[in-house]
Number of protein chains: 2
Amino acid sequence: MQNVKITIQYDGTDFHGWQVQSSLRTVQGELTRVLALLDSRVVTVHGAGRTDAGVHAEGQVASFFLEREFEPRALRDAINGNLDRDVRVFDVEFADDSFNARSSAKLKTYRYHIWTGDVVSPFLRRYVHHHRGQVDVDAMRRAAAQLIGAHDFGAFTVATPEVKQTVRNLMRLDVEPRGESLLIIAAADGFLRYMVRTIVGTLMDVGRGRLSADHVSGLLATRDRADAGPTAPACGLTLVRVDY
Amino acid sequence: MQNVKITIQYDGTDFHGWQVQSSLRTVQGELTRVLALLDSRVVTVHGAGRTDAGVHAEGQVASFFLEREFEPRALRDAINGNLDRDVRVFDVEFADDSFNARSSAKLKTYRYHIWTGDVVSPFLRRYVHHHRGQVDVDAMRRAAAQLIGAHDFGAFTVATPEVKQTVRNLMRLDVEPRGESLLIIAAADGFLRYMVRTIVGTLMDVGRGRLSADHVSGLLATRDRADAGPTAPACGLTLVRVDY
């Protein structure tokens with residue numbers, strides 16, 4: 001048995017997210033289908049980030065064990081040859097048996113892309129959230145600075161029975177204007193469900209003056225989801241890379 | 001009556017080209033539908049370039065007369081509000097009555113995007129033609145140099161009864177490698193049907209060693225379509241800009 005690590009890109013628009021769901025098209029489901037063809041058995045695919053429906057990936061990582069032997073490039077081409085063009089394996093490496101794309105991950109980096117101009121290019125329409133008009137970037141940066149570090153992010157997620165521990169270590173939260181784009185880059189050891197999108201929605205509320213920058217640190221204390229901003233739409237979010 | 005000049009972008013993937021065709025979705029057809037709503041009459045829309053099915057535009061220009069008065073930005077937003085997101089009006093200007101987007105055009109610039117790497121990113125899949133492997137860029141440039149200037153491009157088009165005159169003035173034909181991309185930029189006073197795509201297909205045959213660079217000038221003399229390369233796929237082609 002060979003443990004295999006793959007790096008994947010996908011346009012999340014036409015996927016119901018990463019995780020297998022019966023009768024819905026998901027990235028994990030597509031990979032599981034293709035690997036069953038190649039290895040003549042059911043292969044369990046572990047993914048670094050369980051991206052939600054509509055979220056994209058430039059550098060998602062997955063791992064799985066194969067019985068059959070492949071040369072890495074031949075395996076990459078064999079998987080791609082059986083996938084639709086909105087998901088591609090870019091890189092295949094062999095890994096130690098102890099490697100698991102999910103539990104071995106040290107840092108995950110996401111980018112949220114907001115288009116602030118009047119008109120969204122047709123070429124960007126699937127990958128940005130349109131918020132027309134200027135925002136107060138300095139206030140957003142002051143709010144972002146309060147979230148950096150190890151905190152209880154309970155206010156920035158939905159209550160899920162299987163997740164008991166809501167402390168995460170946010171290493172980076174940058175607000176970067178680039179022409180008519182506003183990029184929010186978030187990196188952490190792990191993210192709770194909807195956490196990036198709720199942070200983005202909250203920072204946007206600060207940028208629009210609906211919330212004060214100081215309000216944000218209070219959210220870490222109260223842990224009250226109702227006091228945070230809305231969950232920003234999935235289409236603006238991309239999993240950029242996973243570090244091990 | 002006000003003559004209006006608009007600049008448009010579209011992702012050509014889901015359009016049957018520019019020109020109105022009954023019961024098929026075209027860009028001219030969509031604009032005509034929307035302008036009829038806004039001006040309460042049938043508006044004739046003139047387009048600078050009649051892009052084929054699947055061809056994209058970053059800077060297509062169209063013109064039309066309107067009876068109703070609009071402020072330019074309000075007109076832009078009103079048109080966009082009635083279009084799907086794969087076509088957008090970027091700019092609206094008022095023009096002299098003598099302006100016609102098609103007949104007034106002085107220079108049209110197209111870009112053809114070939115992806116030479118092993119794997120096409122899902123984010124580029126609609127906008128590139130995949131040709132895996134290296135090509136001889138120097139030979140392509142030597143061939144391209146022979147096509148510059150005013151020539152009879154009869155070998156690079158399809159015979160169409162309504163087009164008698166097949167001389168065009170090709171001002172620019174650049175072959176530009178950029179990482180795993182190979183861009184071919186073509187600018188002329190006008191292009192015959194399939195002309196850019198047949199030039200690209202011919203240059204690619206030169207790049208692969210199927211045709212010699214010297215063969216290309218012979219095509220201008222023989223005007224024989226059968227001696228040129230194949231018509232490159234539509235998806236790689238984008239109308240970049242139109243100059244007046």
# chains A, B, ... in the order shown; residues from 1 in each chain; ligands from 1
call {"tool": "select_by_dssp", "arguments": {"residues": "segment 131-199 of chain B", "states": "strand (DSSP E or B)", "output": "ChimeraX atom specification"}}
result
/B:149-152,167-178,181-188
call {"tool": "write_last_selection", "arguments": {"atoms": "N, CA, C and O atoms", "output": "tab-separated table (two decimals), in the first residue's frame"}}
result
chain	number	residue	atom	x	y	z
B	149	GLY	N	1.70	43.13	-42.68
B	149	GLY	CA	1.51	44.02	-43.83
B	149	GLY	C	0.19	43.76	-44.53
B	149	GLY	O	-0.63	42.98	-44.05
B	150	ALA	N	-0.03	44.44	-45.64
B	150	ALA	CA	-1.26	44.28	-46.43
B	150	ALA	C	-1.08	43.11	-47.38
B	150	ALA	O	-0.18	43.13	-48.24
B	151	HIS	N	-1.91	42.06	-47.19
B	151	HIS	CA	-1.80	40.86	-48.02
B	151	HIS	C	-3.20	40.34	-48.31
B	151	HIS	O	-4.15	40.65	-47.59
B	152	ASP	N	-3.25	39.47	-49.31
B	152	ASP	CA	-4.49	38.74	-49.56
B	152	ASP	C	-4.49	37.51	-48.64
B	152	ASP	O	-3.70	36.59	-48.82
B	167	VAL	N	-8.18	41.17	-49.01
B	167	VAL	CA	-6.95	41.83	-48.59
B	167	VAL	C	-7.19	42.51	-47.24
B	167	VAL	O	-8.19	43.21	-47.07
B	168	ARG	N	-6.29	42.24	-46.30
B	168	ARG	CA	-6.37	42.92	-45.01
B	168	ARG	C	-4.97	43.39	-44.64
B	168	ARG	O	-3.97	42.82	-45.10
B	169	ASN	N	-4.91	44.40	-43.78
B	169	ASN	CA	-3.61	44.95	-43.38
B	169	ASN	C	-3.30	44.49	-41.95
B	169	ASN	O	-3.85	45.04	-40.99
B	170	LEU	N	-2.44	43.50	-41.83
B	170	LEU	CA	-2.09	42.95	-40.51
B	170	LEU	C	-0.94	43.79	-39.94
B	170	LEU	O	0.16	43.80	-40.49
B	171	MET	N	-1.24	44.52	-38.86
B	171	MET	CA	-0.25	45.47	-38.33
B	171	MET	C	0.65	44.82	-37.27
B	171	MET	O	1.74	45.32	-37.00
B	172	ARG	N	0.17	43.75	-36.67
B	172	ARG	CA	0.91	43.18	-35.54
B	172	ARG	C	0.58	41.71	-35.45
B	172	ARG	O	-0.59	41.33	-35.56
B	173	LEU	N	1.61	40.87	-35.25
B	173	LEU	CA	1.39	39.44	-35.01
B	173	LEU	C	2.53	38.96	-34.12
B	173	LEU	O	3.60	38.58	-34.60
B	174	ASP	N	2.32	39.02	-32.82
B	174	ASP	CA	3.37	38.72	-31.84
B	174	ASP	C	3.16	37.33	-31.25
B	174	ASP	O	2.02	36.93	-30.99
B	175	VAL	N	4.25	36.63	-31.02
B	175	VAL	CA	4.21	35.32	-30.36
B	175	VAL	C	4.95	35.51	-29.04
B	175	VAL	O	6.16	35.76	-29.02
B	176	GLU	N	4.22	35.43	-27.92
B	176	GLU	CA	4.78	35.78	-26.62
B	176	GLU	C	4.65	34.65	-25.62
B	176	GLU	O	3.58	34.43	-25.06
B	177	PRO	N	5.75	33.92	-25.34
B	177	PRO	CA	5.69	32.91	-24.28
B	177	PRO	C	5.67	33.60	-22.91
B	177	PRO	O	6.39	34.56	-22.69
B	178	ARG	N	4.80	33.12	-22.02
B	178	ARG	CA	4.72	33.66	-20.64
B	178	ARG	C	4.53	32.49	-19.70
B	178	ARG	O	3.38	32.06	-19.49
B	181	SER	N	2.14	29.65	-20.59
B	181	SER	CA	1.24	30.18	-21.61
B	181	SER	C	2.01	30.58	-22.86
B	181	SER	O	3.18	30.98	-22.77
B	182	LEU	N	1.35	30.50	-23.99
B	182	LEU	CA	1.89	31.06	-25.22
B	182	LEU	C	0.78	31.95	-25.77
B	182	LEU	O	-0.33	31.47	-26.06
B	183	LEU	N	1.07	33.26	-25.86
B	183	LEU	CA	0.06	34.21	-26.32
B	183	LEU	C	0.39	34.63	-27.76
B	183	LEU	O	1.55	34.90	-28.07
B	184	ILE	N	-0.62	34.66	-28.59
B	184	ILE	CA	-0.45	35.18	-29.95
B	184	ILE	C	-1.36	36.41	-30.07
B	184	ILE	O	-2.57	36.30	-29.86
B	185	ILE	N	-0.74	37.57	-30.33
B	185	ILE	CA	-1.49	38.83	-30.39
B	185	ILE	C	-1.54	39.26	-31.85
B	185	ILE	O	-0.49	39.38	-32.49
B	186	ALA	N	-2.73	39.51	-32.35
B	186	ALA	CA	-2.91	39.90	-33.75
B	186	ALA	C	-3.73	41.18	-33.81
B	186	ALA	O	-4.78	41.27	-33.18
B	187	ALA	N	-3.24	42.17	-34.58
B	187	ALA	CA	-3.98	43.42	-34.75
B	187	ALA	C	-4.02	43.76	-36.23
B	187	ALA	O	-3.02	43.65	-36.93
B	188	ALA	N	-5.20	44.19	-36.70
B	188	ALA	CA	-5.38	44.53	-38.12
B	188	ALA	C	-6.51	45.53	-38.25
B	188	ALA	O	-7.28	45.76	-37.30
call {"tool": "residues_around", "arguments": {"residues": "Arg68 of chain A", "least_positions_apart": "3", "cutoff": "9 Å", "atoms": "only C-alpha atoms", "output": "PDB file with N, CA and C atoms, in the first residue's frame"}}
result
ATOM      1  N   MET A   1       0.853  -1.208   0.000  1.00  0.00           N
ATOM      2  CA  MET A   1       0.000   0.000   0.000  1.00  0.00           C
ATOM      3  C   MET A   1       0.883   1.252   0.000  1.00  0.00           C
ATOM      4  N   GLN A   2       0.559   2.182  -0.869  1.00  0.00           N
ATOM      5  CA  GLN A   2       1.319   3.420  -0.969  1.00  0.00           C
ATOM      6  C   GLN A   2       0.428   4.587  -0.532  1.00  0.00           C
ATOM      7  N   LEU A  38      -9.505   3.301 -10.650  1.00  0.00           N
ATOM      8  CA  LEU A  38      -8.079   3.051 -10.854  1.00  0.00           C
ATOM      9  C   LEU A  38      -7.546   1.954  -9.942  1.00  0.00           C
ATOM     10  N   ASP A  39      -8.108   1.835  -8.722  1.00  0.00           N
ATOM     11  CA  ASP A  39      -7.556   0.885  -7.751  1.00  0.00           C
ATOM     12  C   ASP A  39      -8.472  -0.314  -7.542  1.00  0.00           C
ATOM     13  N   SER A  40      -9.591  -0.368  -8.270  1.00  0.00           N
ATOM     14  CA  SER A  40     -10.528  -1.501  -8.187  1.00  0.00           C
ATOM     15  C   SER A  40     -10.985  -1.807  -6.767  1.00  0.00           C
TER      16      SER A  40
END
call {"tool": "closest_atom_pairs", "arguments": {"of": "chain B", "to": "chain A", "cutoff": "10 Å", "atoms": "only C-alpha atoms", "output": "Markdown table"}}
result
| residue | atom | partner | partner_atom | distance |
| --- | --- | --- | --- | --- |
| B:Ile8 | CA | A:Ser121 | CA | 9.6 |
| B:Gln9 | CA | A:Pro122 | CA | 6.7 |
| B:Tyr10 | CA | A:Pro122 | CA | 5.8 |
| B:Asp11 | CA | A:Pro122 | CA | 5.8 |
| B:Gly12 | CA | A:Pro122 | CA | 9.5 |
| B:His56 | CA | A:Phe123 | CA | 9.5 |
| B:Ala57 | CA | A:Pro122 | CA | 9.6 |
| B:Glu58 | CA | A:Ser121 | CA | 8.7 |
| B:Arg73 | CA | A:Asp118 | CA | 9.7 |
| B:Arg76 | CA | A:Val119 | CA | 9.3 |
| B:Asp77 | CA | A:Val119 | CA | 8.6 |
| B:Asn80 | CA | A:Val119 | CA | 8.5 |
| B:Asp84 | CA | A:Pro122 | CA | 9.3 |
| B:Arg85 | CA | A:Pro122 | CA | 6.0 |
| B:Asp86 | CA | A:Pro122 | CA | 4.6 |
| B:Val87 | CA | A:Pro122 | CA | 5.9 |
| B:Arg88 | CA | A:Pro122 | CA | 6.6 |
| B:Val89 | CA | A:Val119 | CA | 7.8 |
| B:Phe90 | CA | A:Val119 | CA | 6.5 |
| B:Asp91 | CA | A:Val119 | CA | 9.5 |
| B:Asp118 | CA | A:Phe90 | CA | 8.7 |
| B:Val119 | CA | A:Phe90 | CA | 6.5 |
| B:Val120 | CA | A:Arg88 | CA | 7.6 |
| B:Ser121 | CA | A:Arg88 | CA | 6.8 |
| B:Pro122 | CA | A:Asp86 | CA | 4.6 |
| B:Phe123 | CA | A:Asp11 | CA | 6.3 |
| B:Leu124 | CA | A:Asp86 | CA | 9.4 |
| B:Arg125 | CA | A:Arg85 | CA | 6.9 |
| B:Arg126 | CA | A:Arg85 | CA | 9.3 |
| B:Tyr127 | CA | A:Phe123 | CA | 9.0 |
call {"tool": "calpha_fit_and_write", "arguments": {"fixed": "chain B", "moving": "chain A", "output": "short mmCIF file (atom, residue, chain, number, x, y, z; two decimals) with C-alpha atoms, in the first residue's frame"}}
result
data_model
loop_
_atom_site.label_atom_id
_atom_site.label_comp_id
_atom_site.auth_asym_id
_atom_site.auth_seq_id
_atom_site.Cartn_x
_atom_site.Cartn_y
_atom_site.Cartn_z
CA MET A 1 -32.00 60.49 -31.19
CA GLN A 2 -28.70 59.93 -29.41
CA ASN A 3 -25.91 57.78 -30.86
CA VAL A 4 -24.43 55.64 -28.09
CA LYS A 5 -21.08 53.82 -27.99
CA ILE A 6 -20.68 51.03 -25.44
CA THR A 7 -17.70 48.87 -24.47
CA ILE A 8 -18.56 45.29 -23.53
CA GLN A 9 -16.92 42.22 -22.03
CA TYR A 10 -18.26 38.71 -22.41
CA ASP A 11 -17.38 35.15 -21.60
CA GLY A 12 -18.24 33.61 -24.98
CA THR A 13 -18.56 30.05 -23.68
CA ASP A 14 -22.34 30.05 -23.48
CA PHE A 15 -23.05 32.31 -26.48
CA HIS A 16 -23.57 31.32 -30.10
CA GLY A 17 -21.29 34.20 -31.04
CA TRP A 18 -22.02 37.89 -31.55
CA GLN A 19 -24.48 37.98 -34.40
CA VAL A 20 -28.26 37.65 -33.97
CA GLN A 21 -29.57 34.21 -34.90
CA SER A 22 -33.18 33.31 -34.38
CA SER A 23 -33.79 31.22 -31.24
CA LEU A 24 -30.05 31.04 -30.34
CA ARG A 25 -28.47 33.04 -27.51
CA THR A 26 -26.07 35.60 -29.00
CA VAL A 27 -24.50 38.76 -27.60
CA GLN A 28 -26.09 41.02 -30.21
CA GLY A 29 -29.41 39.27 -29.58
CA GLU A 30 -29.17 39.84 -25.83
CA LEU A 31 -28.34 43.53 -26.28
CA THR A 32 -31.17 43.95 -28.80
CA ARG A 33 -33.61 42.33 -26.36
CA VAL A 34 -32.55 44.60 -23.47
CA LEU A 35 -32.49 47.82 -25.53
CA ALA A 36 -36.01 47.10 -26.78
CA LEU A 37 -37.10 47.03 -23.12
CA LEU A 38 -35.36 50.33 -22.37
CA ASP A 39 -36.27 52.26 -25.54
CA SER A 40 -39.70 50.68 -26.23
CA ARG A 41 -38.76 50.00 -29.85
CA VAL A 42 -36.52 47.77 -31.94
CA VAL A 43 -32.96 49.11 -31.71
CA THR A 44 -30.34 48.15 -34.30
CA VAL A 45 -27.04 47.26 -32.59
CA HIS A 46 -23.80 47.54 -34.59
CA GLY A 47 -20.81 45.57 -33.30
CA ALA A 48 -17.15 46.17 -34.11
CA GLY A 49 -16.22 42.49 -34.40
CA ARG A 50 -18.56 39.62 -35.28
CA THR A 51 -17.00 37.14 -32.87
CA ASP A 52 -17.81 33.48 -33.52
CA ALA A 53 -19.45 31.05 -31.10
CA GLY A 54 -17.22 30.51 -28.07
CA VAL A 55 -14.96 33.53 -28.69
CA HIS A 56 -14.61 35.97 -25.76
CA ALA A 57 -14.34 39.75 -25.58
CA GLU A 58 -12.58 42.05 -23.14
CA GLY A 59 -13.18 45.16 -25.23
CA GLN A 60 -15.90 44.66 -27.84
CA VAL A 61 -17.51 47.93 -28.96
CA ALA A 62 -21.10 48.40 -30.11
CA SER A 63 -23.17 51.42 -31.15
CA PHE A 64 -26.88 52.18 -31.52
CA PHE A 65 -29.31 55.09 -31.54
CA LEU A 66 -31.72 55.62 -28.64
CA GLU A 67 -34.83 57.82 -28.58
CA ARG A 68 -35.13 57.94 -24.82
CA GLU A 69 -32.63 60.09 -22.91
CA PHE A 70 -30.30 58.48 -20.38
CA GLU A 71 -27.38 59.60 -18.27
CA PRO A 72 -24.44 57.34 -19.37
CA ARG A 73 -23.89 55.55 -16.03
CA ALA A 74 -27.61 55.06 -15.54
CA LEU A 75 -27.81 53.53 -19.03
CA ARG A 76 -24.88 51.22 -18.25
CA ASP A 77 -26.54 50.04 -15.04
CA ALA A 78 -29.94 49.65 -16.72
CA ILE A 79 -28.50 47.45 -19.48
CA ASN A 80 -26.42 45.37 -17.04
CA GLY A 81 -29.41 44.94 -14.76
CA ASN A 82 -31.21 43.14 -17.59
CA LEU A 83 -28.29 40.97 -18.79
CA ASP A 84 -26.90 37.72 -17.43
CA ARG A 85 -23.58 38.01 -15.64
CA ASP A 86 -21.54 36.53 -18.52
CA VAL A 87 -21.88 39.79 -20.49
CA ARG A 88 -21.31 43.25 -19.03
CA VAL A 89 -21.31 46.80 -20.34
CA PHE A 90 -18.23 48.51 -18.89
CA ASP A 91 -18.44 51.91 -20.45
CA VAL A 92 -21.08 54.09 -22.11
CA GLU A 93 -20.27 57.21 -24.12
CA PHE A 94 -22.30 59.46 -26.39
CA ALA A 95 -20.99 59.65 -29.97
CA ASP A 96 -21.44 61.82 -33.03
CA ASP A 97 -24.18 60.68 -35.40
CA SER A 98 -21.55 59.60 -37.92
CA PHE A 99 -20.01 57.04 -35.54
CA ASN A 100 -20.63 53.36 -36.31
CA ALA A 101 -18.89 50.75 -34.15
CA ARG A 102 -18.27 48.55 -37.19
CA SER A 103 -17.42 50.89 -40.05
CA SER A 104 -15.55 53.48 -37.94
CA ALA A 105 -13.16 50.92 -36.43
CA LYS A 106 -9.50 51.53 -37.34
CA LEU A 107 -7.77 48.66 -35.54
CA LYS A 108 -8.95 45.47 -33.87
CA THR A 109 -6.69 43.52 -31.52
CA TYR A 110 -7.19 39.85 -30.69
CA ARG A 111 -5.30 37.60 -28.28
CA TYR A 112 -5.08 33.82 -28.61
CA HIS A 113 -4.12 31.95 -25.43
CA ILE A 114 -2.47 28.52 -25.70
CA TRP A 115 -1.69 26.58 -22.51
CA THR A 116 1.44 24.47 -23.03
CA GLY A 117 1.70 23.01 -19.51
CA ASP A 118 0.62 19.50 -18.53
CA VAL A 119 -2.47 20.56 -16.57
CA VAL A 120 -4.96 23.34 -17.34
CA SER A 121 -6.16 25.23 -14.28
CA PRO A 122 -9.94 24.97 -13.74
CA PHE A 123 -9.91 28.78 -13.55
CA LEU A 124 -8.52 29.06 -17.09
CA ARG A 125 -10.33 26.13 -18.68
CA ARG A 126 -12.88 28.27 -20.53
CA TYR A 127 -10.30 30.71 -21.90
CA VAL A 128 -7.36 28.68 -23.21
CA HIS A 129 -6.62 26.05 -25.81
CA HIS A 130 -4.55 23.20 -24.38
CA HIS A 131 -1.54 22.16 -26.43
CA ARG A 132 0.72 20.12 -24.19
CA GLY A 133 4.42 20.38 -24.85
CA GLN A 134 6.98 22.82 -26.15
CA VAL A 135 6.90 24.52 -29.54
CA ASP A 136 9.59 26.30 -31.57
CA VAL A 137 8.80 29.94 -30.76
CA ASP A 138 11.57 31.31 -33.00
CA ALA A 139 10.18 29.48 -36.03
CA MET A 140 6.68 30.76 -35.20
CA ARG A 141 8.04 34.32 -35.04
CA ARG A 142 9.79 33.94 -38.41
CA ALA A 143 6.53 32.70 -39.93
CA ALA A 144 4.54 35.50 -38.26
CA ALA A 145 6.89 38.15 -39.68
CA GLN A 146 5.97 37.04 -43.22
CA LEU A 147 2.30 37.78 -42.61
CA ILE A 148 2.75 41.35 -41.41
CA GLY A 149 1.52 44.00 -43.84
CA ALA A 150 -1.25 44.28 -46.42
CA HIS A 151 -1.79 40.85 -48.02
CA ASP A 152 -4.49 38.74 -49.56
CA PHE A 153 -5.44 36.45 -46.65
CA GLY A 154 -7.71 34.24 -48.78
CA ALA A 155 -5.88 31.11 -47.55
CA PHE A 156 -6.78 31.99 -43.93
CA THR A 157 -10.57 32.18 -44.22
CA VAL A 158 -13.57 30.32 -45.54
CA ALA A 159 -15.12 31.27 -48.87
CA THR A 160 -18.17 33.41 -48.11
CA PRO A 161 -20.24 34.81 -50.99
CA GLU A 162 -20.72 38.24 -49.35
CA VAL A 163 -16.98 38.84 -48.85
CA LYS A 164 -15.32 39.65 -52.18
CA GLN A 165 -12.27 41.49 -50.93
CA THR A 166 -9.82 39.36 -48.94
CA VAL A 167 -6.94 41.82 -48.59
CA ARG A 168 -6.37 42.91 -44.99
CA ASN A 169 -3.60 44.94 -43.39
CA LEU A 170 -2.08 42.95 -40.52
CA MET A 171 -0.25 45.46 -38.32
CA ARG A 172 0.93 43.18 -35.55
CA LEU A 173 1.39 39.44 -35.02
CA ASP A 174 3.37 38.72 -31.84
CA VAL A 175 4.21 35.32 -30.35
CA GLU A 176 4.78 35.78 -26.61
CA PRO A 177 5.68 32.91 -24.26
CA ARG A 178 4.73 33.66 -20.62
CA GLY A 179 5.50 30.80 -18.29
CA GLU A 180 3.32 27.88 -19.40
CA SER A 181 1.23 30.18 -21.61
CA LEU A 182 1.88 31.07 -25.23
CA LEU A 183 0.05 34.21 -26.32
CA ILE A 184 -0.45 35.19 -29.95
CA ILE A 185 -1.48 38.83 -30.38
CA ALA A 186 -2.91 39.90 -33.75
CA ALA A 187 -3.97 43.42 -34.75
CA ALA A 188 -5.37 44.53 -38.12
CA ASP A 189 -7.72 47.02 -39.70
CA GLY A 190 -10.13 44.13 -40.04
CA PHE A 191 -10.17 40.33 -40.01
CA LEU A 192 -11.80 37.80 -42.31
CA ARG A 193 -13.92 35.04 -40.82
CA TYR A 194 -11.74 32.48 -38.91
CA MET A 195 -8.65 34.49 -39.94
CA VAL A 196 -7.06 34.80 -36.48
CA ARG A 197 -7.80 31.16 -35.63
CA THR A 198 -6.40 29.92 -38.97
CA ILE A 199 -3.26 32.04 -38.54
CA VAL A 200 -2.89 30.55 -35.03
CA GLY A 201 -3.41 26.99 -36.31
CA THR A 202 -0.83 27.59 -39.03
CA LEU A 203 1.71 29.12 -36.62
CA MET A 204 1.18 26.16 -34.26
CA ASP A 205 1.90 23.76 -37.15
CA VAL A 206 5.13 25.70 -37.71
CA GLY A 207 5.89 25.54 -33.95
CA ARG A 208 5.45 21.75 -34.02
CA GLY A 209 7.59 21.36 -37.13
CA ARG A 210 4.73 20.23 -39.37
CA LEU A 211 5.14 23.27 -41.60
CA SER A 212 8.29 25.27 -42.31
CA ALA A 213 8.34 28.96 -41.49
CA ASP A 214 8.99 29.70 -45.18
CA HIS A 215 5.85 27.84 -46.21
CA VAL A 216 3.72 30.65 -44.80
CA SER A 217 4.60 33.34 -47.33
CA GLY A 218 3.67 30.86 -50.08
CA LEU A 219 0.15 30.73 -48.67
CA LEU A 220 -0.27 34.43 -49.32
CA ALA A 221 0.52 33.73 -53.02
CA THR A 222 -1.49 30.53 -53.57
CA ARG A 223 -4.45 31.61 -51.40
CA ASP A 224 -5.18 27.90 -50.91
CA ARG A 225 -6.94 27.20 -47.61
CA ALA A 226 -5.95 23.52 -47.85
CA ASP A 227 -2.28 24.42 -47.45
CA ALA A 228 -2.76 26.38 -44.23
CA GLY A 229 -2.99 24.86 -40.77
CA PRO A 230 -6.22 23.90 -38.95
CA THR A 231 -8.61 26.46 -37.47
CA ALA A 232 -7.63 26.71 -33.79
CA PRO A 233 -10.51 26.22 -31.29
CA ALA A 234 -12.69 29.24 -30.47
CA CYS A 235 -12.23 29.07 -26.68
CA GLY A 236 -8.63 30.38 -26.82
CA LEU A 237 -9.58 33.59 -28.66
CA THR A 238 -10.44 36.96 -27.10
CA LEU A 239 -11.23 40.30 -28.78
CA VAL A 240 -9.03 42.54 -26.63
CA ARG A 241 -9.78 46.03 -27.94
CA VAL A 242 -11.03 48.12 -30.83
CA ASP A 243 -9.40 51.45 -31.70
CA TYR A 244 -11.14 54.29 -33.56
#
call {"tool": "select_by_dssp", "arguments": {"residues": "segment 46-240 of chain B", "states": "alpha helix (DSSP H)", "output": "MDAnalysis selection string"}}
result
chainID B and resid 72:81 137:147 195:207 215:222
